[in-house]
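Structure below is start_36.txt: compact mmCIF, C-alpha atoms.
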```txt
# COMPACT_ATOMS: atom_id res chain seq x y z
CA MET A 29 7.96 -110.28 -28.78
CA LYS A 30 5.76 -109.94 -31.80
CA ARG A 31 3.38 -107.72 -29.90
CA LEU A 32 6.29 -105.57 -28.70
CA ALA A 33 7.51 -105.09 -32.27
CA LEU A 34 4.01 -104.01 -33.32
CA LEU A 35 3.85 -101.54 -30.46
CA THR A 36 7.18 -100.01 -31.48
CA LEU A 37 5.95 -99.67 -35.04
CA ALA A 38 2.75 -98.03 -33.83
CA ILE A 39 4.70 -95.49 -31.81
CA ALA A 40 6.96 -94.75 -34.76
CA LEU A 41 3.94 -94.33 -37.06
CA ALA A 42 2.25 -92.10 -34.54
CA ALA A 43 5.35 -89.92 -34.42
CA CYS A 44 5.43 -89.67 -38.20
CA SER A 45 1.75 -88.95 -38.64
CA SER A 46 1.62 -86.27 -35.86
CA GLY A 47 1.07 -82.69 -37.24
CA PRO A 48 3.32 -79.63 -36.64
CA ARG A 49 4.86 -79.58 -33.18
CA SER A 50 4.43 -76.41 -31.14
CA THR A 51 5.75 -75.07 -27.86
CA SER A 52 4.47 -72.41 -25.51
CA LEU A 53 7.49 -70.21 -26.39
CA LEU A 54 6.64 -70.53 -30.08
CA GLU A 55 3.02 -69.60 -29.41
CA GLN A 56 4.13 -66.60 -27.37
CA THR A 57 6.50 -65.58 -30.17
CA ARG A 58 3.73 -65.84 -32.76
CA THR A 59 1.53 -63.62 -30.60
CA ASP A 60 4.35 -61.07 -30.36
CA TYR A 61 4.88 -61.27 -34.09
CA ARG A 62 1.22 -60.59 -34.88
CA ALA A 63 1.27 -57.62 -32.50
CA ALA A 64 4.32 -56.22 -34.32
CA GLN A 65 2.62 -56.80 -37.68
CA ASN A 66 -0.39 -54.80 -36.52
CA ASP A 67 1.71 -51.99 -35.08
CA PRO A 68 1.63 -49.02 -37.52
CA ALA A 69 4.75 -47.54 -35.88
CA VAL A 70 6.66 -50.73 -36.74
CA ALA A 71 5.48 -50.58 -40.37
CA LYS A 72 6.49 -46.94 -40.58
CA TYR A 73 9.75 -46.83 -38.66
CA ALA A 74 11.27 -50.38 -38.60
CA PRO A 75 10.48 -52.21 -41.86
CA LEU A 76 14.01 -53.65 -42.15
CA GLU A 77 14.01 -55.02 -38.60
CA MET A 78 10.51 -56.41 -39.22
CA LYS A 79 11.74 -58.23 -42.31
CA GLN A 80 14.51 -59.87 -40.28
CA ALA A 81 11.97 -60.76 -37.59
CA GLY A 82 9.79 -62.32 -40.31
CA GLU A 83 12.70 -64.46 -41.49
CA ALA A 84 13.46 -65.61 -37.93
CA MET A 85 9.76 -66.35 -37.43
CA ALA A 86 9.67 -68.35 -40.67
CA GLN A 87 12.61 -70.49 -39.51
CA ALA A 88 10.89 -71.25 -36.22
CA ASP A 89 7.63 -72.04 -38.09
CA ALA A 90 9.52 -74.30 -40.47
CA ALA A 91 11.03 -76.21 -37.53
CA SER A 92 7.54 -76.52 -36.09
CA ASN A 93 6.15 -77.81 -39.38
CA ARG A 94 9.01 -80.30 -39.63
CA SER A 95 8.04 -81.47 -36.14
CA ASP A 96 11.60 -80.88 -34.99
CA ASN A 97 12.21 -81.49 -31.33
CA ALA A 98 11.00 -78.88 -28.86
CA ASP A 99 14.52 -77.74 -28.02
CA LYS A 100 15.28 -76.88 -31.62
CA ILE A 101 11.92 -75.10 -32.04
CA ASP A 102 12.46 -73.15 -28.82
CA LYS A 103 15.95 -72.07 -29.88
CA LEU A 104 14.62 -70.62 -33.13
CA ALA A 105 11.53 -69.20 -31.45
CA TYR A 106 13.75 -67.46 -28.88
CA LEU A 107 15.85 -65.83 -31.59
CA ALA A 108 12.66 -64.73 -33.39
CA LYS A 109 11.14 -63.42 -30.15
CA GLN A 110 14.22 -61.30 -29.35
CA GLN A 111 14.31 -60.02 -32.93
CA ILE A 112 10.63 -59.02 -32.69
CA ALA A 113 11.30 -57.20 -29.42
CA LEU A 114 14.27 -55.47 -31.06
CA THR A 115 11.96 -54.44 -33.93
CA GLN A 116 9.56 -52.87 -31.43
CA GLU A 117 12.44 -51.01 -29.75
CA ALA A 118 13.74 -49.77 -33.09
CA ALA A 119 10.26 -48.50 -33.97
CA LYS A 120 10.01 -46.73 -30.60
CA GLN A 121 13.46 -45.20 -31.09
CA LYS A 122 12.66 -43.90 -34.59
CA ALA A 123 9.28 -42.59 -33.42
CA ALA A 124 10.95 -40.76 -30.54
CA GLU A 125 13.55 -39.33 -32.91
CA ALA A 126 10.81 -38.12 -35.25
CA ASP A 127 9.10 -36.62 -32.22
CA VAL A 128 12.35 -34.87 -31.28
CA ALA A 129 12.63 -33.42 -34.78
CA SER A 130 9.10 -32.04 -34.81
CA SER A 131 9.27 -30.91 -31.17
CA ALA A 132 12.51 -29.06 -31.85
CA LYS A 133 10.70 -27.20 -34.61
CA THR A 134 7.79 -26.39 -32.32
CA ARG A 135 10.18 -25.30 -29.58
CA ASP A 136 12.06 -23.03 -31.97
CA GLN A 137 8.80 -21.44 -33.11
CA MET A 138 7.78 -20.91 -29.51
CA ARG A 139 11.16 -19.42 -28.64
CA LEU A 140 10.75 -17.06 -31.54
CA ALA A 141 7.26 -16.17 -30.37
CA GLN A 142 8.62 -15.65 -26.86
CA ARG A 143 11.40 -13.39 -28.08
CA THR A 144 8.99 -11.43 -30.25
CA ASN A 145 6.78 -11.12 -27.23
CA GLU A 146 9.64 -9.90 -25.06
CA ALA A 147 10.75 -7.45 -27.72
CA ASP A 148 7.19 -6.13 -28.06
CA LYS A 149 6.92 -5.82 -24.33
CA ALA A 150 10.26 -4.04 -24.08
CA LYS A 151 9.17 -1.69 -26.86
CA ALA A 152 5.86 -1.02 -25.16
CA ASP A 153 7.66 -0.49 -21.86
CA SER A 154 10.09 1.95 -23.40
CA GLN A 155 7.27 3.79 -25.14
CA GLN A 156 5.45 3.98 -21.87
CA ALA A 157 8.63 5.18 -20.17
CA VAL A 158 9.00 7.86 -22.83
CA GLN A 159 5.38 8.89 -22.31
CA ILE A 160 5.85 9.02 -18.56
CA ALA A 161 9.06 11.04 -18.95
CA GLN A 162 7.31 13.40 -21.39
CA ALA A 163 4.40 13.78 -19.00
CA ALA A 164 6.86 14.61 -16.21
CA VAL A 165 8.57 17.16 -18.43
CA ASP A 166 5.20 18.67 -19.39
CA GLU A 167 4.13 18.79 -15.78
CA ALA A 168 7.37 20.43 -14.72
CA ALA A 169 6.99 23.00 -17.50
CA LEU A 170 3.42 23.67 -16.45
CA ALA A 171 4.45 24.03 -12.81
CA ARG A 172 7.23 26.41 -13.83
CA ARG A 173 4.82 28.43 -15.93
CA ARG A 174 2.36 28.60 -13.05
CA THR A 175 5.12 29.67 -10.68
CA ASP A 176 6.19 32.30 -13.18
CA GLU A 177 2.63 33.51 -13.53
CA ALA A 178 2.15 33.58 -9.79
CA GLN A 179 5.39 35.48 -9.34
CA ARG A 180 4.45 37.90 -12.09
CA ALA A 181 0.99 38.37 -10.57
CA ASN A 182 2.60 38.84 -7.21
CA ARG A 183 5.07 41.38 -8.60
CA GLU A 184 2.26 43.14 -10.41
CA SER A 185 0.08 43.28 -7.34
CA GLN A 186 3.00 44.52 -5.29
CA ALA A 187 3.73 47.10 -7.95
CA ARG A 188 0.07 48.08 -8.01
CA ALA A 189 0.02 48.34 -4.23
CA ALA A 190 3.18 50.44 -4.25
CA GLN A 191 1.76 52.64 -6.98
CA LEU A 192 -1.52 52.99 -5.11
CA GLU A 193 0.35 53.89 -1.96
CA ALA A 194 2.32 56.57 -3.81
CA GLN A 195 -0.83 57.95 -5.41
CA LEU A 196 -2.65 57.95 -2.09
CA ALA A 197 0.29 59.71 -0.46
CA GLU A 198 0.04 62.35 -3.14
CA LEU A 199 -3.65 62.71 -2.28
CA SER A 200 -2.71 63.00 1.42
CA ALA A 201 -4.81 59.93 2.15
CA LYS A 202 -5.00 58.84 5.76
CA LYS A 203 -5.58 55.39 7.09
CA THR A 204 -8.39 55.58 9.59
CA GLU A 205 -10.46 52.94 11.32
CA ARG A 206 -13.09 53.34 8.58
CA GLY A 207 -10.45 52.75 5.90
CA ILE A 208 -8.47 55.00 3.64
CA VAL A 209 -9.85 58.53 3.72
CA ILE A 210 -8.93 61.33 1.34
CA THR A 211 -9.97 64.74 2.51
CA LEU A 212 -10.66 67.48 -0.04
CA GLY A 213 -10.33 70.72 1.89
CA ASP A 214 -12.41 73.86 1.57
CA VAL A 215 -9.69 75.49 -0.52
CA LEU A 216 -10.53 73.19 -3.41
CA PHE A 217 -14.00 74.70 -3.70
CA ALA A 218 -15.06 78.15 -4.56
CA VAL A 219 -16.48 79.91 -1.49
CA ASP A 220 -19.94 78.74 -0.59
CA VAL A 221 -20.48 77.01 -3.94
CA ALA A 222 -20.36 73.41 -4.97
CA ARG A 223 -17.98 73.75 -7.87
CA LEU A 224 -14.45 72.36 -7.74
CA ASN A 225 -11.76 74.93 -8.56
CA PRO A 226 -8.84 73.88 -10.87
CA ASP A 227 -6.82 72.57 -7.91
CA GLY A 228 -9.86 70.53 -6.88
CA MET A 229 -10.23 69.20 -10.41
CA ARG A 230 -6.56 68.12 -10.41
CA THR A 231 -7.09 66.26 -7.14
CA ALA A 232 -10.27 64.66 -8.54
CA GLN A 233 -8.30 63.60 -11.62
CA LYS A 234 -5.70 61.88 -9.42
CA LEU A 235 -8.52 60.07 -7.63
CA ALA A 236 -10.08 59.06 -10.96
CA ASP A 237 -6.69 57.63 -12.03
CA VAL A 238 -6.53 55.59 -8.83
CA LEU A 239 -10.03 54.26 -9.40
CA GLN A 240 -9.27 53.37 -13.03
CA GLN A 241 -6.12 51.49 -12.02
CA ASN A 242 -7.94 49.66 -9.20
CA PRO A 243 -11.20 48.68 -10.87
CA THR A 244 -12.45 46.63 -7.91
CA ARG A 245 -12.46 49.56 -5.53
CA THR A 246 -15.37 51.94 -5.03
CA VAL A 247 -15.65 55.28 -3.24
CA LEU A 248 -18.06 56.90 -0.82
CA ILE A 249 -18.04 60.69 -1.00
CA GLU A 250 -19.16 62.51 2.13
CA GLY A 251 -19.71 66.24 2.23
CA TYR A 252 -19.44 68.30 5.44
CA THR A 253 -19.74 72.02 6.35
CA ASP A 254 -19.01 74.21 9.37
CA SER A 255 -21.76 75.39 11.64
CA THR A 256 -22.09 78.81 10.02
CA GLY A 257 -25.49 79.32 8.42
CA THR A 258 -28.68 77.30 8.73
CA ALA A 259 -28.62 73.57 9.05
CA PRO A 260 -30.76 72.95 5.91
CA HIS A 261 -28.47 75.22 3.91
CA ASN A 262 -25.43 73.42 5.25
CA GLN A 263 -27.05 70.03 4.52
CA GLU A 264 -27.78 71.07 0.96
CA LEU A 265 -24.32 72.54 0.47
CA SER A 266 -22.65 69.40 1.81
CA GLU A 267 -24.75 67.25 -0.55
CA ARG A 268 -23.98 69.45 -3.55
CA ARG A 269 -20.26 69.49 -2.83
CA ALA A 270 -20.21 65.69 -2.52
CA GLY A 271 -22.29 65.52 -5.71
CA ALA A 272 -19.86 67.87 -7.46
CA VAL A 273 -16.99 65.50 -6.72
CA ARG A 274 -19.08 62.57 -7.96
CA SER A 275 -19.95 64.30 -11.26
CA ALA A 276 -16.31 65.28 -11.70
CA LEU A 277 -15.25 61.63 -11.27
CA GLN A 278 -17.98 60.50 -13.68
CA THR A 279 -16.84 63.06 -16.22
CA MET A 280 -13.35 61.54 -15.85
CA GLY A 281 -14.67 58.11 -16.80
CA VAL A 282 -15.44 56.45 -13.44
CA ALA A 283 -18.63 54.39 -13.64
CA SER A 284 -21.50 55.93 -11.66
CA GLY A 285 -22.08 52.63 -9.83
CA ARG A 286 -18.68 52.90 -8.16
CA VAL A 287 -19.31 56.31 -6.69
CA THR A 288 -21.76 57.09 -3.88
CA ALA A 289 -22.23 60.66 -2.63
CA ARG A 290 -23.79 61.82 0.67
CA GLY A 291 -24.10 65.07 2.54
CA TYR A 292 -23.86 65.29 6.33
CA GLY A 293 -24.19 69.06 6.72
CA GLN A 294 -22.50 70.48 9.79
CA SER A 295 -22.42 67.17 11.69
CA ASN A 296 -19.25 65.23 12.47
CA PRO A 297 -16.94 68.21 12.66
CA VAL A 298 -13.24 67.43 12.80
CA ALA A 299 -12.56 70.57 14.83
CA SER A 300 -14.55 73.02 17.01
CA ASN A 301 -16.20 75.81 15.02
CA ASP A 302 -14.74 78.57 17.22
CA SER A 303 -12.07 79.92 14.90
CA PRO A 304 -11.81 80.60 11.16
CA GLN A 305 -9.02 78.00 10.81
CA ASN A 306 -11.04 75.34 12.59
CA ARG A 307 -14.19 76.20 10.58
CA GLN A 308 -12.19 75.83 7.40
CA LEU A 309 -11.11 72.33 8.57
CA ASN A 310 -14.74 71.42 9.05
CA ARG A 311 -15.68 72.54 5.51
CA ARG A 312 -14.50 69.50 3.62
CA VAL A 313 -15.34 66.54 1.46
CA GLU A 314 -14.10 63.15 2.70
CA ILE A 315 -13.64 60.39 0.21
CA LEU A 316 -13.61 56.82 1.59
CA LEU A 317 -11.79 54.35 -0.57
CA SER A 318 -13.11 50.80 -0.37
CA ASP A 319 -10.90 47.74 0.01
CA ASP A 320 -10.09 45.52 -2.98
CA SER A 321 -13.50 43.85 -2.86
CA GLY A 322 -15.41 47.12 -2.95
CA ARG A 323 -16.54 47.19 0.73
CA ILE A 324 -16.84 50.48 2.58
CA SER A 325 -17.72 50.91 6.26
CA GLN A 326 -20.73 53.24 6.28
CA ARG A 327 -21.00 56.02 8.77
CA MET B 23 15.01 -107.81 -30.20
CA THR B 24 18.81 -107.80 -29.84
CA HIS B 25 19.51 -107.15 -33.53
CA TYR B 26 17.88 -104.31 -35.51
CA PRO B 27 16.60 -104.71 -39.06
CA ARG B 28 19.27 -103.94 -41.70
CA PRO B 29 17.87 -100.62 -43.00
CA CYS B 30 17.90 -99.21 -39.50
CA VAL B 31 21.59 -99.88 -39.04
CA ALA B 32 22.32 -98.22 -42.38
CA ALA B 33 20.32 -95.17 -41.38
CA LEU B 34 22.19 -94.90 -38.09
CA LEU B 35 25.51 -95.07 -39.89
CA VAL B 36 24.48 -92.33 -42.33
CA ALA B 37 23.24 -90.19 -39.48
CA GLY B 38 26.49 -90.69 -37.61
CA ALA B 39 28.47 -89.68 -40.65
CA LEU B 40 26.32 -86.57 -41.11
CA LEU B 41 26.75 -85.57 -37.47
CA THR B 42 30.51 -85.97 -37.71
CA THR B 43 30.75 -83.83 -40.82
CA GLY B 44 28.31 -81.40 -39.20
CA CYS B 45 30.58 -81.08 -36.21
CA SER B 46 33.72 -80.59 -38.21
CA SER B 47 32.09 -77.98 -40.48
CA MET B 48 30.59 -76.30 -37.36
CA LYS B 49 34.03 -75.37 -36.03
CA THR B 50 34.59 -72.24 -38.14
CA PRO B 51 31.03 -70.74 -37.95
CA ALA B 52 30.98 -71.22 -34.18
CA THR B 53 34.23 -69.29 -33.82
CA ALA B 54 32.86 -66.55 -36.04
CA SER B 55 29.47 -66.29 -34.34
CA VAL B 56 31.07 -66.30 -30.87
CA ALA B 57 33.31 -63.42 -32.00
CA VAL B 58 30.39 -61.51 -33.51
CA SER B 59 28.31 -62.05 -30.36
CA ASN B 60 31.17 -60.92 -28.13
CA ALA B 61 31.33 -57.72 -30.14
CA ALA B 62 27.52 -57.29 -29.92
CA VAL B 63 27.63 -57.64 -26.10
CA ASP B 64 30.49 -55.11 -25.91
CA ASN B 65 28.57 -52.68 -28.13
CA ALA B 66 25.41 -53.05 -26.05
CA ALA B 67 27.40 -52.43 -22.85
CA GLY B 68 28.97 -49.34 -24.43
CA ALA B 69 25.50 -48.06 -25.43
CA GLY B 70 24.31 -48.22 -21.81
CA GLY B 71 22.58 -51.62 -22.04
CA ALA B 72 23.32 -52.32 -18.36
CA GLU B 73 21.51 -49.12 -17.39
CA PHE B 74 18.50 -49.27 -19.73
CA ALA B 75 18.06 -53.07 -20.21
CA PRO B 76 19.66 -54.81 -17.21
CA VAL B 77 17.77 -58.11 -17.70
CA GLU B 78 18.74 -58.57 -21.37
CA MET B 79 22.26 -57.41 -20.64
CA SER B 80 22.90 -59.91 -17.85
CA THR B 81 21.25 -62.73 -19.86
CA ALA B 82 23.51 -61.90 -22.79
CA ARG B 83 26.60 -61.90 -20.58
CA SER B 84 25.83 -65.20 -18.88
CA LYS B 85 25.00 -66.88 -22.20
CA MET B 86 28.20 -65.46 -23.64
CA ALA B 87 30.16 -66.93 -20.74
CA LEU B 88 28.50 -70.32 -21.34
CA ALA B 89 29.24 -70.06 -25.07
CA ASN B 90 32.90 -69.38 -24.35
CA LYS B 91 32.94 -72.34 -21.97
CA ALA B 92 31.38 -74.54 -24.66
CA MET B 93 34.01 -73.35 -27.12
CA ALA B 94 36.74 -74.37 -24.69
CA ALA B 95 35.04 -77.75 -24.33
CA LYS B 96 34.92 -77.96 -28.13
CA ASP B 97 31.12 -78.28 -28.04
CA TYR B 98 30.77 -76.05 -31.08
CA LYS B 99 27.10 -76.71 -31.65
CA LEU B 100 26.19 -75.54 -28.13
CA ALA B 101 28.68 -72.66 -28.39
CA ASN B 102 27.01 -71.51 -31.61
CA ASP B 103 23.49 -71.75 -30.19
CA LEU B 104 24.41 -69.82 -27.05
CA ALA B 105 26.36 -67.24 -29.03
CA MET B 106 23.36 -66.67 -31.31
CA GLN B 107 21.06 -66.19 -28.30
CA ALA B 108 23.54 -63.91 -26.55
CA GLN B 109 23.77 -61.87 -29.73
CA ALA B 110 19.98 -61.54 -29.95
CA ASP B 111 19.85 -60.52 -26.26
CA ALA B 112 22.68 -58.01 -26.68
CA LYS B 113 21.08 -56.46 -29.75
CA LEU B 114 17.78 -56.13 -27.89
CA ALA B 115 19.60 -54.55 -24.93
CA GLN B 116 21.22 -52.05 -27.26
CA GLY B 117 17.89 -51.35 -28.99
CA LYS B 118 16.25 -50.71 -25.61
CA ALA B 119 19.09 -48.39 -24.57
CA ASP B 120 18.88 -46.48 -27.86
CA SER B 121 15.10 -46.09 -27.72
CA ALA B 122 15.21 -45.09 -24.04
CA ARG B 123 17.73 -42.38 -24.84
CA ALA B 124 15.63 -41.13 -27.75
CA LYS B 125 12.58 -41.11 -25.50
CA THR B 126 14.47 -39.12 -22.85
CA ALA B 127 15.45 -36.57 -25.46
CA ALA B 128 11.86 -36.34 -26.73
CA ASP B 129 10.53 -35.96 -23.18
CA ALA B 130 13.08 -33.24 -22.41
CA LEU B 131 11.94 -31.34 -25.48
CA GLN B 132 8.31 -31.73 -24.50
CA ASP B 133 9.25 -30.30 -21.11
CA ASP B 134 10.99 -27.38 -22.78
CA ILE B 135 7.90 -26.75 -24.85
CA ARG B 136 5.63 -26.91 -21.83
CA VAL B 137 7.79 -24.39 -19.97
CA LEU B 138 7.90 -22.12 -23.01
CA ARG B 139 4.14 -22.36 -23.42
CA GLU B 140 3.61 -21.32 -19.81
CA GLU B 141 6.14 -18.52 -20.20
CA LEU B 142 4.39 -17.35 -23.34
CA ALA B 143 0.99 -17.44 -21.70
CA ARG B 144 2.37 -15.44 -18.74
CA THR B 145 4.18 -12.80 -20.73
CA SER B 146 1.48 -12.26 -23.34
CA LYS B 147 -1.06 -11.31 -20.67
```

What would you get if you wrote out this structure as structure tokens?
Amino acid sequence: MKRLALLTLAIALAACSSGPRSTSLLEQTRTDYRAAQNDPAVAKYAPLEMKQAGEAMAQADAASNRSDNADKIDKLAYLAKQQIALTQEAAKQKAAEADVASSAKTRDQMRLAQRTNEADKAKADSQQAVQIAQAAVDEAALARRRTDEAQRANRESQARAAQLEAQLAELSAKKTERGIVITLGDVLFAVDVARLNPDGMRTAQKLADVLQQNPTRTVLIEGYTDSTGTAPHNQELSERRAGAVRSALQTMGVASGRVTARGYGQSNPVASNDSPQNRQLNRRVEILLSDDSGRISQR
Amino acid sequence: MTHYPRPCVAALLVAGALLTTGCSSMKTPATASVAVSNAAVDNAAGAGGAEFAPVEMSTARSKMALANKAMAAKDYKLANDLAMQAQADAKLAQGKADSARAKTAADALQDDIRVLREELARTSK
């Protein structure tokens, strides 16, 4: 009995002398609390919640220091633990809200940049469209001008051709297989001499006009006689008559390079030499007009 | 062993008296804290606590039910303890719901920004 009483006393003393009581929940809560204390987001965004958590923690610590029973400590520790968790959530919420605020600003700046970009692009596109349209207009104008020029050139060349045809008709030109041939008859020369009479000069003038209006064409002047007289005489006469036409043309301003003169004497008659009329036909100067590029088929 | 020393009996009597007064004075605060906690649970539910913090929300509800039961049984001490815990759970549930919503909004904005950045990079080429 005495020993039992002593034992009871010892147990009671042991209970009194034991230090602060702790529980695993309290330890866990203290760990959470330290983590929250070290969290800069908590310090920045949830100071009020942290203060309340600190008070709850202090109550649980006080119960521990008083060596209250584990149930009581756990109740307080639980409240503190939930408050600490709430503090963390509040800090996360405020951080996210701050993030929203700054992101909204960034987004607005980017939207502005995007719109500026689109506007610039639209402007560039429209400028390009204007340039393309202008280029099309320019091209169309150029094409029209070229067409006009071509038509004018065509009209001019047709007019020139018509004029040439009229002039050649006036010169009694004939189209032969060697080309256009103008025949100056014997009547245009004084008898047996190589000088053109006034009618001959007028004909030569018409020919000079044709040559001046058609600067790419050249002429070959061929002199012929009838078979009366000696061949050397006839050859010389034919050459002089051809030469007379050439000098007349040169006097009228046709460049010497465009005029070639030859005598063929009594050869290549156009009629038999058996009558005065036929012999007169054979006494002639034939002028071959070249084509536009200056070519003449030589005899 | 059958009879305790005199001081012990006195202490027991004092303790008994304290407990009795404690219980009688507990009646009003327990009613108040149960009401406050009920409101906290309702608020948390309204804020989407069930969606964003299902564990805390169901803990809060079951503790609240137990607190109400304890109130009916006139165990005001237990009712108060449970109500306090339910309140802490409900507040945490609400805090989680609020922070989750804020995070969703922040993430959506980040997404917007990412899309815009890509768009910008594409169009400024």

Give me the residues within 8 Å of Val58 in chain B as a ChimeraX atom specification, counting all atoms listed in the file and dropping any in the same chain fewer than 4 places off. /B:54,62,109

Write to file, as a tab-separated table (two decimals), keeping the file's coordinate frame, the residues of the selection just made, with C-alpha atoms.
```
chain	number	residue	atom	x	y	z
B	54	ALA	CA	32.86	-66.55	-36.04
B	62	ALA	CA	27.52	-57.29	-29.92
B	109	GLN	CA	23.77	-61.87	-29.73
```

So that I can check the surroundings of range 59-62 of chain A, please list as a PyMOL selection string every protein, DNA and RNA residue that reaches within 9 Å of it, counting all atoms listed in the file and ignoring chain neighbours fewer than 2 positions away. chain A and resi 54-57+64-67+81-82+85+108-109+112-113

Quick one: residues within 12 Å of Glu146 in chain A, only C-alpha atoms counted, chain neighbours fewer than 3 positions away excluded, as a PDB file with C-alpha atoms, keeping the file's coordinate frame?
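Once written, result_12.pdb looks like this:
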```
ATOM      1  CA  ARG A 139      11.160 -19.420 -28.640  1.00  0.00           C
ATOM      2  CA  LEU A 140      10.750 -17.060 -31.540  1.00  0.00           C
ATOM      3  CA  ALA A 141       7.260 -16.170 -30.370  1.00  0.00           C
ATOM      4  CA  GLN A 142       8.620 -15.650 -26.860  1.00  0.00           C
ATOM      5  CA  ARG A 143      11.400 -13.390 -28.080  1.00  0.00           C
ATOM      6  CA  LYS A 149       6.920  -5.820 -24.330  1.00  0.00           C
ATOM      7  CA  ALA A 150      10.260  -4.040 -24.080  1.00  0.00           C
ATOM      8  CA  LYS A 151       9.170  -1.690 -26.860  1.00  0.00           C
ATOM      9  CA  ALA A 152       5.860  -1.020 -25.160  1.00  0.00           C
ATOM     10  CA  ASP A 153       7.660  -0.490 -21.860  1.00  0.00           C
ATOM     11  CA  SER A 154      10.090   1.950 -23.400  1.00  0.00           C
TER      12      SER A 154
ATOM     13  CA  GLU B 141       6.140 -18.520 -20.200  1.00  0.00           C
ATOM     14  CA  LEU B 142       4.390 -17.350 -23.340  1.00  0.00           C
ATOM     15  CA  ALA B 143       0.990 -17.440 -21.700  1.00  0.00           C
ATOM     16  CA  ARG B 144       2.370 -15.440 -18.740  1.00  0.00           C
ATOM     17  CA  THR B 145       4.180 -12.800 -20.730  1.00  0.00           C
ATOM     18  CA  SER B 146       1.480 -12.260 -23.340  1.00  0.00           C
ATOM     19  CA  LYS B 147      -1.060 -11.310 -20.670  1.00  0.00           C
TER      20      LYS B 147
END
```

Using only C-alpha atoms, which chain B residues lie at most 9 Å away from chain A, written as a PyMOL selection string? chain B and resi 23+103+106-107+110-111+113-129+131-132+134-135+138-139+141-142+145-146

Please save C-alpha atoms of the selected residues as a PDB file, in the frame of the given file.
```
ATOM      1  CA  MET B  23      15.010-107.810 -30.200  1.00  0.00           C
ATOM      2  CA  ASP B 103      23.490 -71.750 -30.190  1.00  0.00           C
ATOM      3  CA  MET B 106      23.360 -66.670 -31.310  1.00  0.00           C
ATOM      4  CA  GLN B 107      21.060 -66.190 -28.300  1.00  0.00           C
ATOM      5  CA  ALA B 110      19.980 -61.540 -29.950  1.00  0.00           C
ATOM      6  CA  ASP B 111      19.850 -60.520 -26.260  1.00  0.00           C
ATOM      7  CA  LYS B 113      21.080 -56.460 -29.750  1.00  0.00           C
ATOM      8  CA  LEU B 114      17.780 -56.130 -27.890  1.00  0.00           C
ATOM      9  CA  ALA B 115      19.600 -54.550 -24.930  1.00  0.00           C
ATOM     10  CA  GLN B 116      21.220 -52.050 -27.260  1.00  0.00           C
ATOM     11  CA  GLY B 117      17.890 -51.350 -28.990  1.00  0.00           C
ATOM     12  CA  LYS B 118      16.250 -50.710 -25.610  1.00  0.00           C
ATOM     13  CA  ALA B 119      19.090 -48.390 -24.570  1.00  0.00           C
ATOM     14  CA  ASP B 120      18.880 -46.480 -27.860  1.00  0.00           C
ATOM     15  CA  SER B 121      15.100 -46.090 -27.720  1.00  0.00           C
ATOM     16  CA  ALA B 122      15.210 -45.090 -24.040  1.00  0.00           C
ATOM     17  CA  ARG B 123      17.730 -42.380 -24.840  1.00  0.00           C
ATOM     18  CA  ALA B 124      15.630 -41.130 -27.750  1.00  0.00           C
ATOM     19  CA  LYS B 125      12.580 -41.110 -25.500  1.00  0.00           C
ATOM     20  CA  THR B 126      14.470 -39.120 -22.850  1.00  0.00           C
ATOM     21  CA  ALA B 127      15.450 -36.570 -25.460  1.00  0.00           C
ATOM     22  CA  ALA B 128      11.860 -36.340 -26.730  1.00  0.00           C
ATOM     23  CA  ASP B 129      10.530 -35.960 -23.180  1.00  0.00           C
ATOM     24  CA  LEU B 131      11.940 -31.340 -25.480  1.00  0.00           C
ATOM     25  CA  GLN B 132       8.310 -31.730 -24.500  1.00  0.00           C
ATOM     26  CA  ASP B 134      10.990 -27.380 -22.780  1.00  0.00           C
ATOM     27  CA  ILE B 135       7.900 -26.750 -24.850  1.00  0.00           C
ATOM     28  CA  LEU B 138       7.900 -22.120 -23.010  1.00  0.00           C
ATOM     29  CA  ARG B 139       4.140 -22.360 -23.420  1.00  0.00           C
ATOM     30  CA  GLU B 141       6.140 -18.520 -20.200  1.00  0.00           C
ATOM     31  CA  LEU B 142       4.390 -17.350 -23.340  1.00  0.00           C
ATOM     32  CA  THR B 145       4.180 -12.800 -20.730  1.00  0.00           C
ATOM     33  CA  SER B 146       1.480 -12.260 -23.340  1.00  0.00           C
TER      34      SER B 146
END
```

Residues near Glu264 in chain A, anyone? I mean within 9 Å using only C-alpha atoms, not counting same-chain ones fewer than 6 positions away, as a list in words.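 Skipping anything fewer than 6 positions along the chain leaves Gly291, Tyr292 and Gly293 of chain A.
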
Rounded to one decimal, what separation in Å do you get between CA of Val63 in chain B and CA of Pro76 in chain B?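 Atom-to-atom, CA of Val63 in chain B to CA of Pro76 in chain B, that is 12.3 Å.
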
Under the rule that all atoms listed in the file are counted, which of B:Met93, B:Val137, B:Ala61, B:Ala112 is the nearest residue to Met79 in chain B?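 Among the listed residues, the smallest separation from Met79 in chain B belongs to B:Ala112.
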
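In this structure, CA of Ala181 in chain A sits 29.2 Å away from CA of Thr231 in chain A.
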
What does the structure give for the distance between CA of Asp254 in chain A and CA of Ile210 in chain A, in Å to one decimal?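 So the two atoms, CA of Asp254 in chain A and CA of Ile210 in chain A, lie 18.2 Å apart.
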
Would you mind telling me which residue in A:Asp320, A:Gln162, A:Asn97, A:Ala105 lies nearest to Asn242 in chain A when using only C-alpha atoms? A:Asp320

Would you kindly identify which residues have an atom no farther than 7 Å from (-12.1, 56.5, 1.5), using only C-alpha atoms and the file's own coordinates, and write them out as a PyMOL selection string? chain A and resi 207-210+247-248+315-318
